[in-house]
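S.K.: Supplied structure: entry_30.cif, mmCIF, C-alpha atoms and all ligand atoms.
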```cif
data_structure
#
loop_
_atom_site.group_PDB
_atom_site.id
_atom_site.type_symbol
_atom_site.label_atom_id
_atom_site.label_comp_id
_atom_site.auth_asym_id
_atom_site.auth_seq_id
_atom_site.Cartn_x
_atom_site.Cartn_y
_atom_site.Cartn_z
ATOM 1 C CA MET X 922 78.073 81.941 76.226
ATOM 2 C CA LYS X 923 76.770 79.167 73.913
ATOM 3 C CA ASN X 924 76.200 76.810 76.877
ATOM 4 C CA LEU X 925 74.337 79.565 78.686
ATOM 5 C CA ARG X 926 72.199 80.304 75.632
ATOM 6 C CA ASN X 927 71.260 76.618 75.230
ATOM 7 C CA ALA X 928 70.516 76.218 78.939
ATOM 8 C CA ILE X 929 68.179 79.237 78.940
ATOM 9 C CA LYS X 930 66.539 78.142 75.676
ATOM 10 C CA ASN X 931 65.758 74.716 77.160
ATOM 11 C CA LYS X 932 64.637 76.172 80.506
ATOM 12 C CA GLY X 933 61.238 77.344 79.323
ATOM 13 C CA LYS X 934 59.496 80.350 80.844
ATOM 14 C CA ILE X 935 61.787 82.408 83.092
ATOM 15 C CA LYS X 936 59.850 83.494 86.179
ATOM 16 C CA LYS X 937 62.640 84.396 88.652
ATOM 17 C CA ILE X 938 66.194 85.702 88.237
ATOM 18 C CA THR X 939 68.688 86.107 91.096
ATOM 19 C CA VAL X 940 72.139 87.695 91.054
ATOM 20 C CA LEU X 941 74.880 87.128 93.658
ATOM 21 C CA THR X 942 77.854 89.515 93.552
ATOM 22 C CA GLY X 943 81.193 89.840 95.312
ATOM 23 C CA SER X 944 83.972 92.410 95.295
ATOM 24 C CA GLY X 945 85.021 91.502 91.730
ATOM 25 C CA ILE X 946 82.096 93.440 90.273
ATOM 26 C CA SER X 947 83.493 96.640 91.810
ATOM 27 C CA ALA X 948 87.093 95.972 90.693
ATOM 28 C CA GLU X 949 86.609 97.944 87.447
ATOM 29 C CA SER X 950 85.377 100.859 89.551
ATOM 30 C CA GLY X 951 88.865 100.909 91.063
ATOM 31 C CA ILE X 952 87.895 99.274 94.369
ATOM 32 C CA ALA X 953 90.302 96.702 95.812
ATOM 33 C CA THR X 954 89.001 93.146 96.093
ATOM 34 C CA PHE X 955 89.993 90.986 99.066
ATOM 35 C CA ARG X 956 91.972 88.064 97.732
ATOM 36 C CA ASP X 957 93.403 89.199 94.406
ATOM 37 C CA HIS X 958 97.117 89.945 94.225
ATOM 38 C CA ASP X 959 96.665 93.594 95.325
ATOM 39 C CA GLY X 960 93.723 92.751 97.594
ATOM 40 C CA LEU X 961 92.858 94.149 101.006
ATOM 41 C CA TRP X 962 94.012 91.014 102.800
ATOM 42 C CA GLU X 963 97.540 91.661 101.446
ATOM 43 C CA THR X 964 97.761 94.834 103.550
ATOM 44 C CA TYR X 965 95.571 94.069 106.535
ATOM 45 C CA LYS X 966 95.168 90.940 108.638
ATOM 46 C CA VAL X 967 91.558 89.756 108.634
ATOM 47 C CA GLU X 968 91.594 89.069 112.351
ATOM 48 C CA ASP X 969 92.759 92.646 113.058
ATOM 49 C CA VAL X 970 90.152 94.521 111.013
ATOM 50 C CA ALA X 971 87.242 92.207 110.141
ATOM 51 C CA THR X 972 86.390 90.446 113.428
ATOM 52 C CA PRO X 973 84.620 91.620 116.590
ATOM 53 C CA GLU X 974 87.734 90.639 118.584
ATOM 54 C CA GLY X 975 89.879 92.887 116.380
ATOM 55 C CA PHE X 976 87.450 95.757 116.913
ATOM 56 C CA PHE X 977 87.383 95.226 120.657
ATOM 57 C CA LYS X 978 91.205 95.188 120.737
ATOM 58 C CA ASN X 979 91.787 98.207 118.510
ATOM 59 C CA PRO X 980 88.705 100.126 117.301
ATOM 60 C CA GLU X 981 90.983 102.857 115.951
ATOM 61 C CA LEU X 982 92.769 100.473 113.524
ATOM 62 C CA VAL X 983 89.458 98.998 112.390
ATOM 63 C CA TRP X 984 88.003 102.454 111.744
ATOM 64 C CA GLN X 985 91.164 103.484 109.847
ATOM 65 C CA PHE X 986 90.633 100.407 107.648
ATOM 66 C CA TYR X 987 86.987 101.262 106.966
ATOM 67 C CA ASP X 988 87.634 104.998 106.631
ATOM 68 C CA ARG X 989 90.257 104.269 103.975
ATOM 69 C CA ARG X 990 87.732 102.099 102.093
ATOM 70 C CA ARG X 991 85.042 104.786 102.457
ATOM 71 C CA GLN X 992 87.404 107.368 100.942
ATOM 72 C CA GLU X 993 88.199 105.011 98.048
ATOM 73 C CA ILE X 994 84.545 104.163 97.488
ATOM 74 C CA LYS X 995 83.324 107.776 97.774
ATOM 75 C CA LYS X 996 85.491 108.596 94.706
ATOM 76 C CA ALA X 997 84.365 105.496 92.817
ATOM 77 C CA CYS X 998 81.569 105.276 90.265
ATOM 78 C CA PRO X 999 79.547 102.231 89.293
ATOM 79 C CA ASN X 1000 80.899 100.499 86.175
ATOM 80 C CA ARG X 1001 79.078 98.926 83.205
ATOM 81 C CA GLY X 1002 78.679 95.735 85.209
ATOM 82 C CA HIS X 1003 76.604 97.467 87.891
ATOM 83 C CA TYR X 1004 74.538 99.308 85.272
ATOM 84 C CA ALA X 1005 73.905 96.134 83.275
ATOM 85 C CA LEU X 1006 72.398 94.513 86.389
ATOM 86 C CA ALA X 1007 70.203 97.561 87.026
ATOM 87 C CA GLU X 1008 68.969 97.298 83.423
ATOM 88 C CA LEU X 1009 68.346 93.554 83.856
ATOM 89 C CA GLU X 1010 66.195 94.322 86.917
ATOM 90 C CA GLU X 1011 64.218 96.902 84.943
ATOM 91 C CA ALA X 1012 63.600 94.455 82.100
ATOM 92 C CA ALA X 1013 62.587 91.750 84.583
ATOM 93 C CA ASP X 1014 60.100 94.115 86.235
ATOM 94 C CA LEU X 1015 58.584 94.941 82.842
ATOM 95 C CA HIS X 1016 58.105 91.214 82.142
ATOM 96 C CA ASN X 1017 56.749 90.394 85.636
ATOM 97 C CA ILE X 1018 59.839 88.330 86.345
ATOM 98 C CA THR X 1019 60.896 88.304 90.017
ATOM 99 C CA PHE X 1020 64.393 89.778 90.446
ATOM 100 C CA ASN X 1021 66.695 89.671 93.502
ATOM 101 C CA LEU X 1022 70.203 91.093 93.797
ATOM 102 C CA CYS X 1023 72.168 89.621 96.714
ATOM 103 C CA THR X 1024 75.542 91.237 97.279
ATOM 104 C CA GLN X 1025 78.433 90.536 99.648
ATOM 105 C CA ASN X 1026 79.696 94.035 98.893
ATOM 106 C CA ILE X 1027 79.274 96.903 101.317
ATOM 107 C CA ASP X 1028 80.223 99.687 98.885
ATOM 108 C CA GLY X 1029 76.716 100.752 97.855
ATOM 109 C CA LEU X 1030 77.604 100.862 94.131
ATOM 110 C CA HIS X 1031 74.665 98.665 93.065
ATOM 111 C CA ARG X 1032 72.244 101.205 94.550
ATOM 112 C CA LYS X 1033 74.193 104.064 92.958
ATOM 113 C CA ALA X 1034 73.803 102.319 89.567
ATOM 114 C CA GLY X 1035 70.020 102.165 90.003
ATOM 115 C CA SER X 1036 69.456 98.628 91.300
ATOM 116 C CA LYS X 1037 66.461 98.523 93.636
ATOM 117 C CA ASN X 1038 65.817 95.091 95.128
ATOM 118 C CA ILE X 1039 69.192 94.684 96.874
ATOM 119 C CA LEU X 1040 70.089 92.383 99.755
ATOM 120 C CA GLU X 1041 73.338 93.554 101.424
ATOM 121 C CA LEU X 1042 74.344 90.221 102.965
ATOM 122 C CA HIS X 1043 77.424 91.580 104.757
ATOM 123 C CA GLY X 1044 76.021 94.985 105.678
ATOM 124 C CA SER X 1045 76.916 98.471 104.524
ATOM 125 C CA LEU X 1046 79.956 100.725 104.846
ATOM 126 C CA TRP X 1047 77.594 103.697 105.125
ATOM 127 C CA LYS X 1048 75.698 102.475 108.192
ATOM 128 C CA VAL X 1049 76.869 102.386 111.825
ATOM 129 C CA ILE X 1050 75.619 100.938 115.111
ATOM 130 C CA CYS X 1051 76.267 102.421 118.555
ATOM 131 C CA MET X 1052 77.838 99.876 120.891
ATOM 132 C CA ASP X 1053 76.011 101.485 123.853
ATOM 133 C CA CYS X 1054 72.533 102.618 122.835
ATOM 134 C CA LYS X 1055 72.471 100.185 119.825
ATOM 135 C CA LYS X 1056 71.103 102.969 117.636
ATOM 136 C CA HIS X 1057 71.473 102.220 113.879
ATOM 137 C CA SER X 1058 72.183 105.240 111.720
ATOM 138 C CA LEU X 1059 73.583 106.359 108.398
ATOM 139 C CA SER X 1060 77.116 107.745 108.418
ATOM 140 C CA GLU X 1061 78.568 109.398 105.334
ATOM 141 C CA GLU X 1062 81.263 111.704 106.750
ATOM 142 C CA THR X 1063 84.388 110.967 104.643
ATOM 143 C CA PRO X 1064 87.108 111.178 105.792
ATOM 144 C CA ILE X 1065 85.939 110.606 109.362
ATOM 145 C CA LYS X 1066 87.223 113.524 111.502
ATOM 146 C CA ASP X 1067 87.408 111.814 114.897
ATOM 147 C CA ILE X 1068 88.478 108.200 114.768
ATOM 148 C CA PRO X 1069 86.974 106.120 116.323
ATOM 149 C CA PRO X 1070 83.645 107.975 115.799
ATOM 150 C CA LYS X 1071 81.225 108.373 118.704
ATOM 151 C CA CYS X 1072 77.436 108.243 118.861
ATOM 152 C CA SER X 1073 75.788 111.682 118.577
ATOM 153 C CA PHE X 1074 73.016 110.522 120.960
ATOM 154 C CA CYS X 1075 74.955 108.942 123.838
ATOM 155 C CA SER X 1076 78.658 109.396 122.915
ATOM 156 C CA GLY X 1077 79.039 105.628 122.822
ATOM 157 C CA LEU X 1078 81.553 103.967 120.480
ATOM 158 C CA LEU X 1079 80.216 103.432 116.944
ATOM 159 C CA ARG X 1080 80.970 100.313 114.863
ATOM 160 C CA PRO X 1081 80.473 99.760 111.129
ATOM 161 C CA ASP X 1082 77.152 97.992 110.410
ATOM 162 C CA VAL X 1083 78.888 95.139 108.617
ATOM 163 C CA VAL X 1084 79.039 91.381 109.282
ATOM 164 C CA TRP X 1085 82.518 90.443 110.512
ATOM 165 C CA PHE X 1086 84.031 86.983 110.527
ATOM 166 C CA GLY X 1087 82.540 84.986 113.375
ATOM 167 C CA GLU X 1088 79.340 87.075 113.302
ATOM 168 C CA ALA X 1089 76.076 85.636 112.057
ATOM 169 C CA LEU X 1090 74.424 87.195 109.028
ATOM 170 C CA HIS X 1091 71.136 88.922 109.892
ATOM 171 C CA GLN X 1092 68.423 86.256 110.040
ATOM 172 C CA ASP X 1093 66.036 88.083 107.729
ATOM 173 C CA ALA X 1094 68.804 88.612 105.139
ATOM 174 C CA LEU X 1095 69.630 84.899 105.317
ATOM 175 C CA GLU X 1096 65.998 83.859 104.912
ATOM 176 C CA LYS X 1097 65.480 86.234 101.969
ATOM 177 C CA ALA X 1098 68.717 85.014 100.355
ATOM 178 C CA TYR X 1099 67.773 81.341 100.656
ATOM 179 C CA ALA X 1100 64.353 82.162 99.186
ATOM 180 C CA ALA X 1101 66.035 84.070 96.342
ATOM 181 C CA MET X 1102 68.078 80.961 95.493
ATOM 182 C CA GLU X 1103 64.848 79.227 94.472
ATOM 183 C CA CYS X 1104 65.055 80.761 91.022
ATOM 184 C CA ASP X 1105 65.306 79.917 87.331
ATOM 185 C CA ILE X 1106 68.599 81.693 86.663
ATOM 186 C CA LEU X 1107 71.345 82.617 89.171
ATOM 187 C CA LEU X 1108 74.235 84.803 88.009
ATOM 188 C CA VAL X 1109 77.259 84.524 90.357
ATOM 189 C CA ILE X 1110 79.503 87.475 89.588
ATOM 190 C CA GLY X 1111 82.963 88.456 90.844
ATOM 191 C CA THR X 1112 83.234 86.309 93.934
ATOM 192 C CA SER X 1113 85.818 83.727 94.962
ATOM 193 C CA LEU X 1114 83.048 81.843 96.826
ATOM 194 C CA LEU X 1115 85.407 81.347 99.771
ATOM 195 C CA VAL X 1116 83.250 82.941 102.456
ATOM 196 C CA TYR X 1117 80.425 81.068 104.121
ATOM 197 C CA PRO X 1118 77.500 80.770 104.384
ATOM 198 C CA VAL X 1119 77.230 82.765 101.116
ATOM 199 C CA ALA X 1120 79.454 80.230 99.327
ATOM 200 C CA TYR X 1121 76.700 77.660 99.883
ATOM 201 C CA PHE X 1122 74.047 79.732 98.108
ATOM 202 C CA PRO X 1123 74.808 78.768 94.459
ATOM 203 C CA PHE X 1124 74.524 75.113 95.455
ATOM 204 C CA PHE X 1125 71.069 75.753 96.879
ATOM 205 C CA ALA X 1126 70.143 77.279 93.543
ATOM 206 C CA LEU X 1127 71.536 74.222 91.715
ATOM 207 C CA LYS X 1128 69.480 71.968 93.989
ATOM 208 C CA ASN X 1129 66.435 73.994 92.988
ATOM 209 C CA LYS X 1130 67.210 73.251 89.326
ATOM 210 C CA ALA X 1131 68.348 76.810 88.588
ATOM 211 C CA ILE X 1132 70.714 77.591 85.737
ATOM 212 C CA VAL X 1133 73.830 78.842 87.592
ATOM 213 C CA ALA X 1134 76.228 80.941 85.508
ATOM 214 C CA GLU X 1135 79.484 82.086 87.095
ATOM 215 C CA ILE X 1136 81.058 85.243 85.662
ATOM 216 C CA ASN X 1137 84.675 85.728 86.703
ATOM 217 C CA VAL X 1138 88.083 86.647 85.285
ATOM 218 C CA LYS X 1139 89.409 83.295 86.448
ATOM 219 C CA GLU X 1140 87.957 79.964 87.514
ATOM 220 C CA THR X 1141 87.117 79.456 91.184
ATOM 221 C CA SER X 1142 87.145 76.195 93.138
ATOM 222 C CA CYS X 1143 83.431 75.848 92.300
ATOM 223 C CA SER X 1144 83.493 76.622 88.571
ATOM 224 C CA ASP X 1145 83.118 72.984 87.534
ATOM 225 C CA TYR X 1146 79.625 72.932 89.005
ATOM 226 C CA PHE X 1147 78.362 75.949 87.052
ATOM 227 C CA ILE X 1148 78.275 77.376 83.533
ATOM 228 C CA PHE X 1149 81.528 79.344 83.683
ATOM 229 C CA VAL X 1150 81.720 82.519 81.591
ATOM 230 C CA LYS X 1151 85.212 83.991 81.663
ATOM 231 C CA GLY X 1152 85.539 87.763 81.525
ATOM 232 C CA LYS X 1153 85.444 91.053 83.327
ATOM 233 C CA ALA X 1154 82.011 91.928 84.706
ATOM 234 C CA GLY X 1155 82.161 95.428 83.251
ATOM 235 C CA GLU X 1156 82.897 94.014 79.804
ATOM 236 C CA ILE X 1157 80.662 90.950 79.463
ATOM 237 C CA LEU X 1158 77.577 91.577 81.597
ATOM 238 C CA ASP X 1159 75.921 93.677 78.872
ATOM 239 C CA ASN X 1160 76.067 90.654 76.520
ATOM 240 C CA ILE X 1161 74.774 88.309 79.200
ATOM 241 C CA VAL X 1162 71.882 90.641 80.030
ATOM 242 C CA GLN X 1163 71.124 90.954 76.296
ATOM 243 C CA LEU X 1164 71.068 87.158 75.999
ATOM 244 C CA ILE X 1165 68.663 86.755 78.939
ATOM 245 C CA ARG X 1166 66.384 89.508 77.602
ATOM 246 C CA GLU X 1167 65.992 87.531 74.354
ATOM 247 C CA PHE X 1168 64.150 84.868 76.340
ATOM 248 C CA MET X 1169 62.027 87.123 78.531
HETATM 249 C C1 LIG F 1 79.199 83.081 110.156
HETATM 250 C C2 LIG F 1 82.948 92.115 106.108
HETATM 251 C C3 LIG F 1 78.582 81.849 112.079
HETATM 252 C C4 LIG F 1 82.534 93.397 105.526
HETATM 253 C C5 LIG F 1 83.127 89.874 105.273
HETATM 254 C C6 LIG F 1 80.821 77.412 107.253
HETATM 255 C C7 LIG F 1 79.569 77.948 107.568
HETATM 256 C C8 LIG F 1 79.464 79.167 108.224
HETATM 257 C C9 LIG F 1 80.624 79.898 108.564
HETATM 258 C C10 LIG F 1 81.864 79.393 108.233
HETATM 259 C C11 LIG F 1 81.962 78.154 107.580
HETATM 260 N N1 LIG F 1 83.286 77.918 107.383
HETATM 261 C C12 LIG F 1 84.005 78.951 107.869
HETATM 262 C C13 LIG F 1 83.174 79.852 108.414
HETATM 263 C C14 LIG F 1 83.580 81.098 109.056
HETATM 264 C C15 LIG F 1 83.618 82.294 108.102
HETATM 265 C C16 LIG F 1 84.210 81.940 106.768
HETATM 266 O O1 LIG F 1 83.485 81.791 105.806
HETATM 267 N N2 LIG F 1 85.520 81.867 106.704
HETATM 268 C C17 LIG F 1 86.166 81.593 105.427
HETATM 269 C C18 LIG F 1 87.282 82.597 105.176
HETATM 270 C C19 LIG F 1 86.635 80.154 105.458
HETATM 271 N N3 LIG F 1 82.307 82.834 107.924
HETATM 272 C C20 LIG F 1 81.848 83.706 108.821
HETATM 273 O O2 LIG F 1 82.457 84.014 109.821
HETATM 274 C C21 LIG F 1 80.473 84.308 108.565
HETATM 275 N N4 LIG F 1 79.749 84.221 109.781
HETATM 276 O O3 LIG F 1 78.968 82.183 109.457
HETATM 277 O O4 LIG F 1 78.955 83.093 111.497
HETATM 278 C C22 LIG F 1 77.765 82.185 113.244
HETATM 279 C C23 LIG F 1 76.489 81.637 113.332
HETATM 280 C C24 LIG F 1 75.747 81.902 114.448
HETATM 281 C C25 LIG F 1 76.245 82.734 115.468
HETATM 282 C C26 LIG F 1 77.518 83.295 115.341
HETATM 283 C C27 LIG F 1 78.296 83.021 114.236
HETATM 284 C C28 LIG F 1 80.557 85.783 108.211
HETATM 285 C C29 LIG F 1 81.236 85.978 106.906
HETATM 286 C C30 LIG F 1 81.231 87.477 106.523
HETATM 287 C C31 LIG F 1 82.589 88.048 106.771
HETATM 288 N N5 LIG F 1 82.645 89.447 106.383
HETATM 289 N N6 LIG F 1 83.249 91.162 105.052
HETATM 290 C C32 LIG F 1 83.662 93.968 104.729
HETATM 291 O O5 LIG F 1 84.610 94.451 105.360
HETATM 292 O O6 LIG F 1 83.555 93.925 103.490
HETATM 293 S S1 LIG F 1 83.610 88.793 104.094
HETATM 294 C C33 LIG F 1 84.406 89.486 102.778
HETATM 295 O O7 LIG F 1 84.626 88.416 101.862
HETATM 296 C C34 LIG F 1 83.582 90.498 102.012
HETATM 297 O O8 LIG F 1 82.258 90.649 102.446
HETATM 298 C C35 LIG F 1 83.592 89.914 100.604
HETATM 299 O O9 LIG F 1 82.516 90.292 99.862
HETATM 300 C C36 LIG F 1 83.563 88.475 100.934
HETATM 301 C C37 LIG F 1 83.812 87.497 99.844
HETATM 302 O O10 LIG F 1 84.937 87.904 99.125
HETATM 303 P P1 LIG F 1 84.709 88.178 97.553
HETATM 304 O O11 LIG F 1 83.666 89.216 97.417
HETATM 305 O O12 LIG F 1 84.470 86.882 96.879
HETATM 306 O O13 LIG F 1 86.090 88.828 97.166
HETATM 307 P P2 LIG F 1 87.451 88.063 96.769
HETATM 308 O O14 LIG F 1 88.534 89.079 96.737
HETATM 309 O O15 LIG F 1 87.613 86.848 97.617
HETATM 310 O O16 LIG F 1 87.178 87.545 95.276
HETATM 311 C C38 LIG F 1 86.993 88.475 94.234
HETATM 312 C C39 LIG F 1 86.645 87.651 92.997
HETATM 313 O O17 LIG F 1 86.363 88.550 91.913
HETATM 314 C C40 LIG F 1 87.774 86.762 92.531
HETATM 315 O O18 LIG F 1 87.245 85.477 92.215
HETATM 316 C C41 LIG F 1 88.294 87.450 91.258
HETATM 317 O O19 LIG F 1 88.784 86.526 90.320
HETATM 318 C C42 LIG F 1 87.043 88.118 90.764
HETATM 319 N N7 LIG F 1 87.243 89.321 89.940
HETATM 320 C C43 LIG F 1 88.203 90.271 90.080
HETATM 321 N N8 LIG F 1 88.016 91.240 89.147
HETATM 322 C C44 LIG F 1 86.902 90.895 88.436
HETATM 323 C C45 LIG F 1 86.410 89.671 88.938
HETATM 324 N N9 LIG F 1 85.318 89.064 88.433
HETATM 325 C C46 LIG F 1 84.684 89.682 87.412
HETATM 326 N N10 LIG F 1 85.102 90.857 86.888
HETATM 327 C C47 LIG F 1 86.195 91.483 87.363
HETATM 328 N N11 LIG F 1 86.597 92.645 86.818
HETATM 329 ZN ZN ZN F 2 74.574 105.698 121.305
#
```
Let me see the structure of the file written as structure tokens.
Ligand code: BV8
Ligand code: ZN
M.R.:
Amino acid sequence: MKNLRNAIKNKGKIKKITVLTGSGISAESGIATFRDHDGLWETYKVEDVATPEGFFKNPELVWQFYDRRRQEIKKACPNRGHYALAELEEAADLHNITFNLCTQNIDGLHRKAGSKNILELHGSLWKVICMDCKKHSLSEETPIKDIPPKCSFCSGLLRPDVVWFGEALHQDALEKAYAAMECDILLVIGTSLLVYPVAYFPFFALKNKAIVAEINVKETSCSDYFIFVKGKAGEILDNIVQLIREFM
């Protein structure tokens, strides 16, 4: 924390703060991450449940995978880490500091905790798209009665409105995310930084002379490039937010 304090002290006026989160921030809410020892990719093969080819081959299996996550997430509550970020956004707003929260998570817990300016880079578990009429809609039925679910307008097959491997992120989300990386402070929280193009983002921030602090329970392959703060998001984010507020 001392390195972070010194970096912020020497930074001068803070005008823009960005946060980038991954599944680790929801771990203390009881939601499985992807690549930890008990992660989702231990039980399911990525190509079967998180690619368009997998969905085309077996939409039922893919919907069972997402329905199981919806059931888990429906029962989950935001943890102190989510709330700390919502409080940081509030404090930033009060001090006319621009705040962006970019998340790879699709669980909706940041919104539940009160965060407002959220960019869901990989989509949302609670939104669906019809493969036929392309209608986008909200879908909160949990558990899903008829798997795979059909469109109530044209009875076409519905898919989760998430970005699978091999699918491009939505252009506007990408543009907004790159713009958000031009900031004074970037907090990278609970992500292994193994998925692209999101894994590039902290390096864009570095190039823009941002202070990049990585909060994680263990070092990642990128930790040497950032100010690494070891700890659980739900336990240390309050202190980090407190530290940043001192310099607002
Ligand atoms: C694309 C779906 C191109 C929704 C997900 C270079 C450039 C571009 C693409 C690629 C590239 N190289 C390779 C690719 C292809 C691929 C890719 O990145 N592959 C990787 C595996 C090598 N990328 C893509 O396919 C992307 N698409 O670029 O398309 C294109 C362009 C034009 C036209 C067509 C195509 C799409 C990537 C998105 C894939 N979808 N999810 C869902 O089901 O959730 S990715 C999936 O991984 C999730 O979204 C997840 O958020 C994301 C990242 O995982 P993490 O969140 O980091 O989770 P993980 O378990 O890995 O780590 C958890 C961390 O938390 C750990 O570090 C742990 O220590 C920590 N932690 C645990 N507990 C705590 C904690 N930290 C703090 N506190 C705690 N308590
Ligand atoms: Zn339809």
S.K.: When the PyMOL selection byres (((not hetatm)) within 8 of (chain F and resi 1)) is applied to the file above, which residues end up in the set, as a PyMOL selection string?
M.R.: chain X and resi 942-949+953-957+960-961+970-971+987+1024-1027+1042-1046+1083-1090+1110-1120+1136-1141+1152-1155
S.K.: Considering only C-alpha atoms and all ligand atoms, state which residue in the set X:Lys1097, X:Lys1071, X:Arg926, X:Lys1128 is at the smallest distance from ligand ZN 2 (chain F).
M.R.: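 Nearest candidate to ligand ZN 2 (chain F) out of X:Lys1097, X:Lys1071, X:Arg926, X:Lys1128: X:Lys1071.
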S.K.: Please determine, counting only C-alpha atoms and all ligand atoms, which residue among X:Asp1053, X:Glu993, X:Asp1082, X:Glu1011 has the shortest atom-to-atom distance to ligand ZN 2 (chain F).
M.R.: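 Answer, going by the shortest atom-to-atom distance: X:Asp1053.
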S.K.: Produce a table with one row for each residue of chain X that has an atom at most 12 Å from any atom of ligand ZN 2 (chain F), each row naming the nearest atom pair and its distance in Å at one decimal; use all atoms listed in the file; arrange rows by chain and rising residue number; format as CSV.
M.R.:
```
residue,atom,partner,partner_atom,distance
X:Val1049,CA,F:ZN2,ZN,10.3
X:Ile1050,CA,F:ZN2,ZN,7.9
X:Cys1051,CA,F:ZN2,ZN,4.6
X:Met1052,CA,F:ZN2,ZN,6.7
X:Asp1053,CA,F:ZN2,ZN,5.1
X:Cys1054,CA,F:ZN2,ZN,4.0
X:Lys1055,CA,F:ZN2,ZN,6.1
X:Lys1056,CA,F:ZN2,ZN,5.7
X:His1057,CA,F:ZN2,ZN,8.8
X:Ser1058,CA,F:ZN2,ZN,9.9
X:Pro1070,CA,F:ZN2,ZN,10.9
X:Lys1071,CA,F:ZN2,ZN,7.6
X:Cys1072,CA,F:ZN2,ZN,4.5
X:Ser1073,CA,F:ZN2,ZN,6.7
X:Phe1074,CA,F:ZN2,ZN,5.1
X:Cys1075,CA,F:ZN2,ZN,4.1
X:Ser1076,CA,F:ZN2,ZN,5.7
X:Gly1077,CA,F:ZN2,ZN,4.7
X:Leu1078,CA,F:ZN2,ZN,7.2
X:Leu1079,CA,F:ZN2,ZN,7.5
X:Arg1080,CA,F:ZN2,ZN,10.6
```
S.K.: Can you pull out every residue within 12 Å of Lys1066 (chain X), counting all atoms listed in the file, but drop anything in the same chain fewer than 5 positions away, and send it as a PyMOL selection string?
M.R.: chain X and resi 984-985+988+1061+1071
S.K.: Save the residues we just selected, C-alpha atoms, as a compact mmCIF listing (two decimals), in the frame of the given file?
M.R.:
```
# COMPACT_ATOMS: atom_id res chain seq x y z
CA TRP X 984 88.00 102.45 111.74
CA GLN X 985 91.16 103.48 109.85
CA ASP X 988 87.63 105.00 106.63
CA GLU X 1061 78.57 109.40 105.33
CA LYS X 1071 81.22 108.37 118.70
```
S.K.: Exactly which residues make up the result of the PyMOL selection byres (((chain X and resi 1126) around 12) and not hetatm) on this file, given as a PyMOL selection string?
M.R.: chain X and resi 937-941+1098-1109+1119-1125+1127-1134+1146-1147
S.K.: Show me as a list in words the residues that reach within 10 Å of (82.2, 103.8, 90.8), counting only C-alpha atoms and using the file's own coordinates.
M.R.: Ser947, Ala948, Glu949, Ser950, Gly951, Ile952, Glu993, Ile994, Lys995, Lys996, Ala997, Cys998, Pro999, Asn1000, Arg1001, His1003, Asp1028, Gly1029, Leu1030, His1031, Lys1033 and Ala1034 of chain X
S.K.: Take the residues just selected and output them with C-alpha atoms as a PDB file, keeping the file's coordinate frame.
M.R.:
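The resulting file, result-v3.pdb, is reproduced below:
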```pdb
ATOM      1  CA  SER X 947      83.493  96.640  91.810  1.00  0.00           C
ATOM      2  CA  ALA X 948      87.093  95.972  90.693  1.00  0.00           C
ATOM      3  CA  GLU X 949      86.609  97.944  87.447  1.00  0.00           C
ATOM      4  CA  SER X 950      85.377 100.859  89.551  1.00  0.00           C
ATOM      5  CA  GLY X 951      88.865 100.909  91.063  1.00  0.00           C
ATOM      6  CA  ILE X 952      87.895  99.274  94.369  1.00  0.00           C
ATOM      7  CA  GLU X 993      88.199 105.011  98.048  1.00  0.00           C
ATOM      8  CA  ILE X 994      84.545 104.163  97.488  1.00  0.00           C
ATOM      9  CA  LYS X 995      83.324 107.776  97.774  1.00  0.00           C
ATOM     10  CA  LYS X 996      85.491 108.596  94.706  1.00  0.00           C
ATOM     11  CA  ALA X 997      84.365 105.496  92.817  1.00  0.00           C
ATOM     12  CA  CYS X 998      81.569 105.276  90.265  1.00  0.00           C
ATOM     13  CA  PRO X 999      79.547 102.231  89.293  1.00  0.00           C
ATOM     14  CA  ASN X1000      80.899 100.499  86.175  1.00  0.00           C
ATOM     15  CA  ARG X1001      79.078  98.926  83.205  1.00  0.00           C
ATOM     16  CA  HIS X1003      76.604  97.467  87.891  1.00  0.00           C
ATOM     17  CA  ASP X1028      80.223  99.687  98.885  1.00  0.00           C
ATOM     18  CA  GLY X1029      76.716 100.752  97.855  1.00  0.00           C
ATOM     19  CA  LEU X1030      77.604 100.862  94.131  1.00  0.00           C
ATOM     20  CA  HIS X1031      74.665  98.665  93.065  1.00  0.00           C
ATOM     21  CA  LYS X1033      74.193 104.064  92.958  1.00  0.00           C
ATOM     22  CA  ALA X1034      73.803 102.319  89.567  1.00  0.00           C
TER      23      ALA X1034
END
```
S.K.: Expressed in Å to a single decimal, how great is the separation between CA of Leu1006 (chain X) and CA of Glu1062 (chain X)?
M.R.: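 Going from CA of Leu1006 (chain X) over to CA of Glu1062 (chain X) covers 28.1 Å.
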S.K.: Which residue out of X:Val983, X:Ile935, X:Leu1009, X:Leu1040 has the minimum interatomic distance to Leu1022 (chain X) when all atoms listed in the file are used?
M.R.: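 Nearest candidate to Leu1022 (chain X) out of X:Val983, X:Ile935, X:Leu1009, X:Leu1040: X:Leu1040.
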S.K.: Identify, on the basis of only C-alpha atoms, every residue whose closest approach to Leu925 (chain X) does not exceed 10 Å; exclude the query and any residue fewer than 2 positions from it along the same chain; express the result as a compact mmCIF listing (two decimals) with C-alpha atoms, keeping the file's coordinate frame.
M.R.:
```txt
# COMPACT_ATOMS: atom_id res chain seq x y z
CA MET X 922 78.07 81.94 76.23
CA LYS X 923 76.77 79.17 73.91
CA ASN X 927 71.26 76.62 75.23
CA ALA X 928 70.52 76.22 78.94
CA ILE X 929 68.18 79.24 78.94
CA LYS X 930 66.54 78.14 75.68
CA ASN X 931 65.76 74.72 77.16
CA ILE X 1132 70.71 77.59 85.74
CA VAL X 1133 73.83 78.84 87.59
CA ALA X 1134 76.23 80.94 85.51
CA PHE X 1147 78.36 75.95 87.05
CA ILE X 1148 78.28 77.38 83.53
CA PHE X 1149 81.53 79.34 83.68
CA VAL X 1150 81.72 82.52 81.59
CA ILE X 1161 74.77 88.31 79.20
CA LEU X 1164 71.07 87.16 76.00
CA ILE X 1165 68.66 86.76 78.94
```
